[in-house]
file target07.txt (compact mmCIF, C-alpha atoms)
# COMPACT_ATOMS: atom_id res chain seq x y z
CA MET A 61 -12.13 -57.12 -50.98
CA VAL A 62 -9.01 -57.44 -48.94
CA ARG A 63 -9.09 -55.72 -45.53
CA LEU A 64 -5.72 -54.57 -44.31
CA ARG A 65 -5.45 -55.10 -40.58
CA PRO A 66 -1.79 -54.79 -39.64
CA ARG A 67 -0.65 -55.88 -36.19
CA ALA A 68 -0.24 -53.15 -33.61
CA ASP A 69 3.50 -53.60 -33.30
CA VAL A 70 3.93 -53.48 -37.06
CA SER A 71 1.75 -50.38 -37.23
CA LEU A 72 3.90 -48.74 -34.61
CA LEU A 73 7.02 -49.64 -36.51
CA LEU A 74 5.59 -48.35 -39.76
CA THR A 75 4.48 -45.13 -38.10
CA CYS A 76 7.93 -44.61 -36.65
CA LEU A 77 9.40 -45.21 -40.07
CA ALA A 78 7.02 -42.70 -41.56
CA LEU A 79 7.97 -40.21 -38.92
CA TYR A 80 11.64 -40.83 -39.67
CA VAL A 81 11.03 -40.08 -43.31
CA ALA A 82 9.01 -37.03 -42.41
CA SER A 83 11.80 -35.87 -40.14
CA ALA A 84 14.28 -36.36 -42.93
CA ALA A 85 12.11 -34.34 -45.24
CA GLN A 86 11.85 -31.55 -42.72
CA ILE A 87 15.56 -31.49 -42.01
CA ARG A 88 16.68 -31.74 -45.62
CA ALA A 89 14.24 -29.19 -47.01
CA VAL A 90 15.92 -25.81 -46.75
CA ARG A 91 12.71 -23.81 -46.87
CA GLY A 92 10.61 -26.43 -45.16
CA SER A 93 8.70 -29.31 -46.63
CA ALA A 94 5.03 -29.42 -47.49
CA LEU A 95 4.51 -31.43 -44.30
CA THR A 96 6.14 -28.86 -42.06
CA THR A 97 4.40 -26.04 -43.86
CA GLY A 98 1.06 -27.75 -43.47
CA LEU A 99 1.67 -28.69 -39.87
CA PHE A 100 2.89 -25.22 -39.13
CA ALA A 101 -0.19 -23.68 -40.76
CA LEU A 102 -2.44 -25.97 -38.74
CA TRP A 103 -0.57 -25.68 -35.50
CA SER A 104 0.61 -22.07 -35.40
CA PRO A 105 -2.68 -20.60 -34.08
CA VAL A 106 -2.51 -22.80 -30.99
CA PRO A 107 0.79 -21.50 -29.56
CA LYS A 108 -0.24 -17.98 -30.54
CA LEU A 109 -3.49 -18.36 -28.66
CA ALA A 110 -1.71 -19.88 -25.70
CA ALA A 111 0.85 -17.07 -25.74
CA SER A 112 -1.93 -14.51 -25.86
CA VAL A 113 -3.70 -16.15 -22.94
CA VAL A 114 -0.49 -16.24 -20.93
CA GLU A 115 0.23 -12.63 -21.82
CA VAL A 116 -3.26 -11.51 -20.83
CA TRP A 117 -3.02 -13.44 -17.59
CA ASP A 118 0.42 -12.04 -16.92
CA ASN A 119 -0.75 -8.49 -17.60
CA TRP A 120 -3.74 -8.99 -15.37
CA VAL A 121 -1.62 -10.31 -12.50
CA VAL A 122 0.98 -7.57 -12.89
CA GLY A 123 -1.70 -4.91 -13.28
CA ARG A 124 -3.53 -6.19 -10.22
CA HIS A 125 -0.30 -6.15 -8.26
CA ASP A 126 0.49 -2.64 -9.48
CA LEU A 127 -3.02 -1.48 -8.63
CA ASP A 128 -2.82 -2.88 -5.12
CA THR A 129 0.61 -1.35 -4.61
CA THR A 130 -0.56 1.98 -5.99
CA LEU A 131 -3.64 2.00 -3.78
CA GLU A 132 -1.57 1.17 -0.71
CA ARG A 133 0.89 3.90 -1.59
CA TYR A 134 -1.97 6.32 -2.22
CA ALA A 135 -3.52 5.57 1.17
CA ALA A 136 -0.17 5.97 2.89
CA LEU A 137 0.46 9.25 1.10
CA ARG A 138 -2.97 10.54 2.06
CA LEU A 139 -2.24 9.78 5.69
CA GLU A 140 1.14 11.44 5.36
CA VAL A 141 -0.44 14.52 3.76
CA ALA A 142 -3.00 14.73 6.56
CA ARG A 143 -0.25 14.46 9.17
CA LEU A 144 1.86 17.07 7.40
CA ARG A 145 -1.12 19.40 7.06
CA GLU A 146 -1.80 19.10 10.75
CA ALA A 147 1.84 19.70 11.60
CA ASN A 148 1.91 22.62 9.20
CA GLN A 149 -1.10 24.18 10.90
CA VAL A 150 0.50 23.77 14.30
CA LEU A 151 3.77 25.21 13.05
CA ALA A 152 2.02 28.12 11.35
CA SER A 153 0.14 28.83 14.55
CA ASP A 154 3.38 28.64 16.50
CA VAL A 155 5.12 30.98 14.07
CA LEU A 156 2.27 33.46 14.32
CA ALA A 157 2.33 33.24 18.10
CA LEU A 158 6.10 33.71 18.16
CA ARG A 159 5.81 36.74 15.90
CA GLN A 160 3.17 38.23 18.13
CA GLY A 161 5.22 37.49 21.22
CA SER A 162 8.28 39.01 19.61
CA ALA A 163 6.30 42.12 18.58
CA LEU A 164 4.88 42.37 22.09
CA LEU A 165 8.28 42.24 23.73
CA ALA A 166 9.65 44.74 21.24
CA GLY A 167 6.65 47.02 21.71
CA PHE A 168 6.96 47.22 25.48
CA PRO A 169 10.68 47.06 26.22
CA SER A 170 10.34 48.78 29.57
CA LEU A 171 7.87 46.15 30.80
CA VAL A 172 9.80 43.07 29.75
CA ASP A 173 11.42 42.59 33.15
CA ARG A 174 8.15 42.38 35.01
CA SER A 175 6.02 40.56 32.50
CA THR A 176 5.21 37.01 31.47
CA VAL A 177 4.43 35.91 27.93
CA ALA A 178 1.33 33.71 27.76
CA ARG A 179 -0.58 31.98 25.00
CA VAL A 180 -4.29 32.36 24.57
CA ILE A 181 -6.03 29.02 25.00
CA THR A 182 -9.66 30.04 24.58
CA ARG A 183 -11.55 33.26 24.15
CA ASP A 184 -15.12 34.45 24.14
CA VAL A 185 -15.29 38.07 23.11
CA LEU A 186 -19.04 38.26 22.55
CA VAL A 187 -20.78 36.64 25.52
CA SER A 188 -18.53 36.35 28.56
CA HIS A 189 -15.89 38.83 27.29
CA THR A 190 -13.07 36.71 28.69
CA MET A 191 -10.09 34.78 27.46
CA ARG A 192 -8.10 31.97 29.08
CA LEU A 193 -4.32 31.91 29.11
CA ASP A 194 -1.92 29.01 29.56
CA ARG A 195 -0.11 30.58 32.51
CA GLY A 196 -1.29 30.50 36.08
CA ARG A 197 -0.34 30.89 39.68
CA LEU A 198 2.67 28.59 39.38
CA ASP A 199 4.01 30.77 36.57
CA GLY A 200 3.92 33.89 38.68
CA ILE A 201 0.59 35.25 37.51
CA ARG A 202 -1.46 37.06 40.13
CA LEU A 203 -5.01 38.33 40.30
CA ASP A 204 -5.56 41.75 38.70
CA SER A 205 -2.42 41.41 36.61
CA PRO A 206 -2.81 43.68 33.57
CA VAL A 207 -2.84 41.88 30.23
CA LEU A 208 -1.47 43.57 27.13
CA GLY A 209 -2.04 42.75 23.53
CA GLU A 210 0.05 43.84 20.57
CA HIS A 211 -2.00 47.03 20.13
CA GLY A 212 -2.78 47.93 23.71
CA VAL A 213 -4.46 46.88 26.93
CA LEU A 214 -6.69 43.83 26.74
CA GLY A 215 -7.90 43.53 30.32
CA ARG A 216 -6.92 42.08 33.65
CA VAL A 217 -6.67 38.64 35.25
CA ASP A 218 -9.83 37.94 37.23
CA GLN A 219 -9.56 34.19 37.87
CA LEU A 220 -6.50 32.18 38.66
CA ALA A 221 -5.61 28.50 38.53
CA ASP A 222 -2.28 26.76 38.95
CA ARG A 223 -1.58 26.46 35.24
CA SER A 224 -4.06 28.85 33.67
CA CYS A 225 -5.89 32.08 34.28
CA ARG A 226 -8.90 33.94 33.00
CA VAL A 227 -8.71 37.48 31.66
CA GLN A 228 -11.58 39.91 31.93
CA LEU A 229 -11.48 41.95 28.75
CA LEU A 230 -12.05 45.68 28.67
CA SER A 231 -15.20 45.00 26.69
CA HIS A 232 -16.69 43.25 29.74
CA PRO A 233 -19.64 45.25 31.18
CA SER A 234 -18.03 45.40 34.62
CA ALA A 235 -14.54 46.32 33.38
CA ALA A 236 -13.17 49.76 34.25
CA ALA A 237 -9.90 51.61 34.00
CA ALA A 238 -8.75 55.10 34.90
CA ALA A 239 -8.04 56.91 31.64
CA ARG A 240 -6.91 60.19 30.21
CA LEU A 241 -6.87 61.73 26.79
CA VAL A 242 -3.64 62.77 25.14
CA ASP A 243 -3.17 66.56 25.09
CA LEU A 244 -6.20 67.08 27.30
CA ALA A 245 -6.27 67.76 31.02
CA GLY A 246 -8.41 65.76 33.35
CA GLU A 247 -9.00 62.13 34.10
CA GLY A 248 -12.02 59.95 33.53
CA LEU A 249 -13.12 56.40 34.00
CA LEU A 250 -13.23 54.05 31.07
CA LEU A 251 -16.22 51.77 31.46
CA GLY A 252 -16.49 48.53 29.50
CA GLY A 253 -19.46 47.00 27.80
CA ASP A 254 -20.55 46.71 24.21
CA ARG A 255 -19.88 50.41 23.73
CA PRO A 256 -16.99 51.40 26.02
CA ASN A 257 -16.84 55.04 26.96
CA ILE A 258 -15.09 57.48 29.23
CA THR A 259 -17.11 59.25 31.78
CA GLY A 260 -16.27 61.65 34.61
CA LEU A 261 -14.76 64.30 32.37
CA PRO A 262 -15.84 67.94 32.81
CA PRO A 263 -18.95 68.95 30.82
CA TYR A 264 -18.70 70.51 27.36
CA LEU A 265 -15.16 69.36 26.92
CA GLU A 266 -13.89 69.67 23.36
CA VAL A 267 -12.64 66.22 22.50
CA PRO A 268 -11.17 65.66 19.05
CA VAL A 269 -12.23 62.47 17.32
CA GLY A 270 -9.40 59.94 17.14
CA ALA A 271 -7.51 61.20 20.19
CA LEU A 272 -5.52 58.53 21.97
CA VAL A 273 -6.80 57.23 25.32
CA LEU A 274 -4.14 56.14 27.81
CA THR A 275 -4.16 54.59 31.26
CA THR A 276 -3.35 56.78 34.27
CA GLY A 277 -2.83 54.05 36.84
CA SER A 278 -5.03 55.71 39.48
CA GLU A 279 -7.23 52.63 39.87
CA GLY A 280 -4.17 50.66 40.99
CA ILE A 281 -4.33 47.97 38.37
CA TYR A 282 -2.89 49.22 35.08
CA PRO A 283 0.48 50.98 34.77
CA PRO A 284 0.21 54.53 33.46
CA GLY A 285 0.75 55.38 29.81
CA LEU A 286 -0.62 52.24 28.18
CA LEU A 287 -2.83 52.64 25.14
CA LEU A 288 -6.50 51.88 25.68
CA GLY A 289 -8.02 53.11 22.45
CA GLU A 290 -9.16 56.09 20.39
CA THR A 291 -11.94 58.52 21.06
CA GLY A 292 -15.16 58.81 19.14
CA GLU A 293 -17.56 61.77 18.99
CA ALA A 294 -17.98 63.17 22.53
CA ARG A 295 -21.26 64.32 24.02
CA THR A 296 -22.34 65.87 27.32
CA GLU A 297 -24.71 63.89 29.48
CA GLY A 298 -25.73 65.67 32.71
CA LEU A 299 -22.67 66.85 34.56
CA PHE A 300 -20.08 64.94 32.54
CA THR A 301 -18.75 64.65 29.08
CA VAL A 302 -19.10 61.13 27.80
CA VAL A 303 -16.56 60.05 25.21
CA PRO A 304 -17.08 56.80 23.27
CA VAL A 305 -13.89 54.83 22.93
CA ARG A 306 -12.84 52.40 20.24
CA LEU A 307 -10.60 49.92 22.05
CA ALA A 308 -7.15 49.51 20.52
CA ALA A 309 -6.52 45.89 21.43
CA ARG A 310 -8.33 43.29 19.38
CA PRO A 311 -8.86 40.12 21.42
CA THR A 312 -9.91 38.16 18.37
CA GLU A 313 -6.44 38.50 16.87
CA ALA A 314 -4.47 37.90 20.06
CA LEU A 315 -2.58 34.59 20.17
CA VAL A 316 0.11 35.69 22.60
CA VAL A 317 -0.26 38.27 25.32
CA LEU A 318 1.92 39.94 27.90
CA VAL A 319 0.86 39.53 31.51
CA LEU A 320 2.35 42.20 33.77
CA ALA A 321 2.97 41.98 37.47
CA PRO A 322 0.08 43.67 39.30
CA GLU A 323 0.48 47.29 40.30
CA SER A 324 -1.13 46.99 43.73
CA ALA A 325 1.03 45.64 46.51
CA GLY A 326 -1.82 43.62 47.99
CA ALA A 327 -2.41 41.52 44.94
CA ARG A 328 -2.74 37.80 45.72
CA MET B 77 -10.13 -40.61 -18.86
CA ARG B 78 -7.55 -39.91 -16.19
CA LEU B 79 -4.85 -40.18 -18.82
CA LEU B 80 -6.66 -37.65 -20.98
CA LEU B 81 -6.98 -35.27 -18.06
CA LEU B 82 -3.32 -35.72 -17.26
CA LEU B 83 -2.48 -35.09 -20.91
CA LEU B 84 -4.44 -31.84 -20.87
CA VAL B 85 -2.83 -30.63 -17.65
CA ALA B 86 0.62 -31.62 -18.88
CA ALA B 87 0.09 -29.84 -22.21
CA LEU B 88 -0.98 -26.68 -20.41
CA ALA B 89 2.04 -26.94 -18.12
CA GLN B 90 4.27 -27.47 -21.15
CA LEU B 91 2.91 -24.27 -22.65
CA ALA B 92 3.15 -22.31 -19.41
CA LEU B 93 6.59 -23.31 -18.21
CA PRO B 94 8.56 -21.31 -20.83
CA SER B 95 6.75 -18.17 -19.68
CA VAL B 96 8.97 -15.33 -18.55
CA ARG B 97 7.19 -15.29 -15.20
CA VAL B 98 8.36 -18.82 -14.45
CA TRP B 99 11.80 -19.67 -13.13
CA ALA B 100 13.92 -19.95 -16.28
CA PRO B 101 15.40 -23.47 -15.79
CA LEU B 102 11.88 -24.92 -15.66
CA ALA B 103 11.56 -24.20 -19.39
CA ALA B 104 13.64 -27.35 -19.94
CA CYS B 105 11.00 -29.45 -18.17
CA ARG B 106 8.93 -31.89 -20.29
CA PRO B 107 5.85 -32.57 -18.16
CA LEU B 108 4.22 -34.35 -21.10
CA LEU B 109 6.65 -37.22 -20.60
CA LEU B 110 4.85 -37.95 -17.34
CA VAL B 111 1.86 -38.92 -19.43
CA THR B 112 3.98 -41.56 -21.14
CA VAL B 113 5.16 -42.82 -17.77
CA ALA B 114 1.62 -42.85 -16.40
CA ALA B 115 0.44 -44.78 -19.47
CA ALA B 116 3.10 -47.41 -18.85
CA ARG B 117 1.41 -48.29 -15.57
CA THR B 118 -2.01 -49.10 -16.97
CA LEU B 119 -1.51 -49.93 -20.63
CA THR B 120 0.37 -52.72 -22.34
CA PRO B 121 3.90 -51.95 -23.56
CA LEU B 122 2.56 -51.46 -27.04
CA GLY B 123 -0.22 -49.20 -25.83
CA ALA B 124 2.30 -47.18 -23.83
CA ALA B 125 4.42 -46.92 -26.97
CA TRP B 126 1.49 -45.49 -28.94
CA VAL B 127 0.77 -43.00 -26.19
CA GLY B 128 4.47 -42.13 -26.11
CA LEU B 129 4.42 -41.58 -29.86
CA GLY B 130 1.53 -39.18 -29.61
CA VAL B 131 3.04 -37.38 -26.66
CA GLY B 132 6.39 -37.13 -28.43
CA LEU B 133 4.75 -35.58 -31.48
CA LEU B 134 2.94 -33.14 -29.23
CA ILE B 135 6.22 -32.20 -27.57
CA ASP B 136 7.77 -31.65 -31.00
CA LEU B 137 4.91 -29.38 -31.94
CA LEU B 138 4.88 -27.45 -28.68
CA THR B 139 8.63 -26.93 -28.66
CA ASP B 140 8.90 -25.86 -32.31
CA GLN B 141 11.11 -28.72 -33.35
CA ALA B 142 11.07 -30.97 -36.40
CA VAL B 143 7.99 -33.16 -36.03
CA GLY B 144 9.00 -36.79 -35.91
CA PRO B 145 12.11 -37.51 -33.83
CA GLY B 146 10.22 -36.78 -30.62
CA GLY B 147 7.45 -39.13 -31.72
CA ILE B 148 9.88 -41.95 -32.43
CA GLY B 149 11.67 -41.28 -29.15
CA GLY B 150 8.38 -41.13 -27.28
CA ALA B 151 7.26 -44.45 -28.71
CA LEU B 152 10.49 -46.12 -27.69
CA ALA B 153 10.36 -44.36 -24.32
CA GLY B 154 6.84 -45.67 -23.65
CA LEU B 155 8.00 -49.14 -24.59
CA ALA B 156 11.15 -48.87 -22.46
CA VAL B 157 9.36 -47.51 -19.41
CA SER B 158 6.65 -50.13 -19.60
CA VAL B 159 9.12 -52.97 -19.98
CA THR B 160 11.37 -51.63 -17.21
CA ALA B 161 8.48 -51.14 -14.80
CA ARG B 162 7.23 -54.67 -15.46
CA ARG B 163 10.65 -56.27 -15.35
CA PHE B 164 11.63 -54.66 -12.05
CA GLU B 165 8.05 -54.44 -10.70
CA LEU B 166 8.39 -50.75 -9.97
CA THR B 167 5.68 -49.15 -7.87
CA GLY B 168 5.14 -45.95 -5.91
CA PRO B 169 7.63 -43.10 -6.06
CA LEU B 170 10.29 -45.36 -7.51
CA PHE B 171 8.08 -46.03 -10.52
CA TRP B 172 7.76 -42.32 -11.22
CA ILE B 173 11.43 -41.52 -10.72
CA VAL B 174 12.83 -44.44 -12.69
CA GLY B 175 10.10 -44.10 -15.29
CA VAL B 176 10.86 -40.45 -15.90
CA VAL B 177 14.61 -41.05 -16.01
CA VAL B 178 14.14 -43.83 -18.54
CA ALA B 179 11.68 -41.80 -20.56
CA VAL B 180 13.87 -38.70 -20.70
CA LEU B 181 17.04 -40.64 -21.49
CA THR B 182 15.34 -42.71 -24.18
CA THR B 183 13.72 -39.69 -25.77
CA GLU B 184 16.93 -37.68 -25.79
CA ILE B 185 19.08 -40.52 -27.05
CA VAL B 186 16.65 -41.58 -29.77
CA ALA B 187 16.07 -38.02 -30.90
CA THR B 188 19.82 -37.45 -31.04
CA VAL B 189 20.39 -40.62 -33.01
CA VAL B 190 17.55 -39.94 -35.44
CA LEU B 191 18.65 -36.38 -36.06
CA PHE B 192 22.29 -37.42 -36.32
CA SER B 193 21.39 -40.08 -38.88
CA LEU B 194 19.61 -37.41 -40.91
CA GLY B 195 22.55 -35.03 -40.77
CA GLY B 196 21.02 -32.74 -38.17
CA SER B 197 21.53 -32.26 -34.49
CA LEU B 198 19.57 -31.52 -31.33
CA GLY B 199 18.90 -27.91 -30.56
CA HIS B 200 20.70 -28.25 -27.25
CA GLY B 201 23.83 -29.85 -25.87
CA TRP B 202 24.28 -32.28 -22.97
CA ARG B 203 23.56 -29.49 -20.49
CA GLY B 204 20.10 -29.15 -21.96
CA SER B 205 19.54 -32.90 -21.62
CA VAL B 206 20.68 -32.79 -18.00
CA ALA B 207 18.38 -29.84 -17.33
CA THR B 208 15.47 -31.70 -18.90
CA LEU B 209 16.26 -34.77 -16.80
CA ALA B 210 16.60 -32.76 -13.58
CA THR B 211 13.51 -30.60 -13.97
CA THR B 212 11.27 -33.39 -15.25
CA GLY B 213 12.58 -35.61 -12.47
CA ALA B 214 11.74 -32.90 -9.96
CA VAL B 215 8.20 -32.69 -11.29
CA ALA B 216 8.00 -36.49 -11.11
CA LEU B 217 9.06 -36.28 -7.46
CA VAL B 218 6.27 -33.82 -6.80
CA VAL B 219 3.78 -36.07 -8.58
CA ALA B 220 5.00 -39.09 -6.63
CA ALA B 221 4.69 -37.20 -3.34
CA ALA B 222 1.22 -35.99 -4.23
CA GLU B 223 0.18 -39.50 -5.19
CA ARG B 224 1.60 -40.85 -1.94
CA ALA B 225 -0.28 -38.24 0.05
CA TRP B 226 -3.49 -38.91 -1.85
CA LEU B 227 -3.20 -42.66 -1.28
CA ALA B 228 -2.48 -42.11 2.40
CA TRP B 229 -5.52 -39.88 2.66
CA GLN B 230 -7.71 -42.43 0.90
CA SER B 231 -6.26 -45.50 2.58
CA PRO B 232 -8.61 -47.97 4.28
CA THR B 233 -6.39 -47.95 7.34
CA ARG B 234 -6.97 -44.26 7.82
CA ARG B 235 -10.69 -44.68 7.28
CA ARG B 236 -10.82 -47.43 9.88
CA ARG B 237 -8.85 -45.28 12.31
CA ARG B 238 -11.22 -42.39 11.82
CA MET B 239 -14.22 -44.60 12.34
CA LEU B 240 -12.70 -45.97 15.54
CA ASN B 241 -12.05 -42.46 16.77
CA ARG B 242 -15.65 -41.54 16.21
CA LEU B 243 -16.88 -44.47 18.26
call {"tool": "encode", "arguments": {"input": "target07.txt", "output": "structure tokens"}}
result
Amino acid sequence: MVRLRPRADVSLLLTCLALYVASAAQIRAVRGSALTTGLFALWSPVPKLAASVVEVWDNWVVGRHDLDTTLERYAALRLEVARLREANQVLASDVLALRQGSALLAGFPSLVDRSTVARVITRDVLVSHTMRLDRGRLDGIRLDSPVLGEHGVLGRVDQLADRSCRVQLLSHPSAAAAARLVDLAGEGLLLGGDRPNITGLPPYLEVPVGALVLTTGSEGIYPPGLLLGETGEARTEGLFTVVPVRLAARPTEALVVLVLAPESAGAR
Amino acid sequence: MRLLLLLLVAALAQLALPSVRVWAPLAACRPLLLVTVAAARTLTPLGAAWVGLGVGLLIDLLTDQAVGPGGIGGALAGLAVSVTARRFELTGPLFWIVGVVVAVLTTEIVATVVLFSLGGSLGHGWRGSVATLATTGAVALVVAAAERAWLAWQSPTRRRRRMLNRL
């Protein structure tokens, strides 16, 4: 048996020749030769697979990039929303305060010249019955200055600092104001506390429920004619008629108040 | 073994370079030709020619061309690179640059001649050939630089210097 062992250079030459013929067959065949068809059938899955891998990789990279970008954007937007919400709250508070201040000034036109508008910083209407304002001695506030809310008298200044002051509310147990009832003669003393009432009125006085209670100014702190509240059901205790009063001003709703110049000349 | 690894990496690069995510001119690059050039360093001219033939056929397959002209061109390119490198004793970066230039020119010219003799033509004009030459040459430059750096890192001189520094 003859064993064919061609030399390497001859093999190379023959292979190149075979490739030339194969190339000719591929180029001449309009629809493709059997060789190209076979090679294509064998080879086509490889580029497809490679293309799929590249596509998957590409999608993964792009998706990852998009995800990172989206997450960054989301975090930034959340911060922005938080900032805007905070600003919105501040603005809403300011608008409310401005409205209250505007209503206050419109409600007491005769007092505008001798009053200062102040914002409420803190308030405790249940325990200490006080509120703190953002105006103080340097703003012209004096001790015993009357403080008005939108609906009536709130109290008086009882502590003073350079840039703030404390207001003793009418609901404070030691608060008092000279008061009178509309359409009724006589003057009494409005005493504070959890249940404010007017005392010092003559006994067996017929007091209608819901009558307006106004300041008289005799105690030297509050100007006369300011609304203190409305009467409840009166009763006689000893020598006086005691009239429960529902205070008109609501400290819990007050954001802006009007601080008047004190009535007494000796105010510090 | 190294040649096989290089072939695998080059084939993957050949598949990846036409991707849309890659800079478009790099699609003209033929990194597989570097395998032919690398073979010319270690193998005999005939061995390099056989490697070139296989690489050329692979390029034909990967680039969707008629299978054959690239193989013939690759075989002649392997032969030409090997002979040139031996004749001019090319080493280092010069070996890679000249080798790639010879390989690309041989492949392009042979493929053109073969196709022309069969009544066909290359799928690209001279601009395509220039782009192939430039991009493959650039890759060869990178390979040469990397090889240089690797040799410098592994050089006995550097080892001795490091040992002396430790003392």
call {"tool": "interface_residues", "arguments": {"input": "target07.txt", "of": "chain A", "to": "chain B", "cutoff": "9 Å", "atoms": "all atoms listed in the file", "output": "tab-separated table (two decimals) with C-alpha atoms, in the coordinates of the input"}}
result
chain	number	residue	atom	x	y	z
A	68	ALA	CA	-0.24	-53.15	-33.61
A	69	ASP	CA	3.50	-53.60	-33.30
A	72	LEU	CA	3.90	-48.74	-34.61
A	75	THR	CA	4.48	-45.13	-38.10
A	76	CYS	CA	7.93	-44.61	-36.65
A	77	LEU	CA	9.40	-45.21	-40.07
A	78	ALA	CA	7.02	-42.70	-41.56
A	79	LEU	CA	7.97	-40.21	-38.92
A	80	TYR	CA	11.64	-40.83	-39.67
A	81	VAL	CA	11.03	-40.08	-43.31
A	82	ALA	CA	9.01	-37.03	-42.41
A	83	SER	CA	11.80	-35.87	-40.14
A	84	ALA	CA	14.28	-36.36	-42.93
A	86	GLN	CA	11.85	-31.55	-42.72
A	87	ILE	CA	15.56	-31.49	-42.01
A	88	ARG	CA	16.68	-31.74	-45.62
A	96	THR	CA	6.14	-28.86	-42.06
A	99	LEU	CA	1.67	-28.69	-39.87
A	100	PHE	CA	2.89	-25.22	-39.13
A	103	TRP	CA	-0.57	-25.68	-35.50
A	107	PRO	CA	0.79	-21.50	-29.56
A	110	ALA	CA	-1.71	-19.88	-25.70
A	111	ALA	CA	0.85	-17.07	-25.74
A	114	VAL	CA	-0.49	-16.24	-20.93
A	115	GLU	CA	0.23	-12.63	-21.82
A	118	ASP	CA	0.42	-12.04	-16.92
call {"tool": "residues_around", "arguments": {"input": "target07.txt", "residues": "B:Pro101", "least_positions_apart": "6", "cutoff": "10 Å", "atoms": "all atoms listed in the file", "output": "JSON, numbers by chain"}}
result
{"B": [93, 94, 204, 207, 208, 210, 211]}
call {"tool": "atom_distance", "arguments": {"input": "target07.txt", "atom1": "atom CA of B:Ala221", "atom2": "atom CA of B:Pro169"}}
result
7.1 Å
call {"tool": "closest_residue", "arguments": {"input": "target07.txt", "among": "A:Leu220, A:Ala157, A:Ala238, A:Leu244", "to": "A:Ile258", "atoms": "only C-alpha atoms"}}
result
A:Ala238
call {"tool": "atom_distance", "arguments": {"input": "target07.txt", "atom1": "atom CA of A:Asp218", "atom2": "atom CA of A:Asp194"}}
result
14.2 Å
call {"tool": "atom_distance", "arguments": {"input": "target07.txt", "atom1": "atom CA of A:Leu203", "atom2": "atom CA of A:Pro322"}}
result
7.4 Å
call {"tool": "residues_near_point", "arguments": {"input": "target07.txt", "point": "(-0.8, 46.0, 21.3)", "cutoff": "8 Å", "atoms": "only C-alpha atoms", "output": "CSV table (one decimal) with C-alpha atoms, in the frame of the given file"}}
result
chain,number,residue,atom,x,y,z
A,164,LEU,CA,4.9,42.4,22.1
A,167,GLY,CA,6.6,47.0,21.7
A,208,LEU,CA,-1.5,43.6,27.1
A,209,GLY,CA,-2.0,42.8,23.5
A,210,GLU,CA,0.0,43.8,20.6
A,211,HIS,CA,-2.0,47.0,20.1
A,212,GLY,CA,-2.8,47.9,23.7
A,213,VAL,CA,-4.5,46.9,26.9
A,287,LEU,CA,-2.8,52.6,25.1
A,308,ALA,CA,-7.2,49.5,20.5
A,309,ALA,CA,-6.5,45.9,21.4
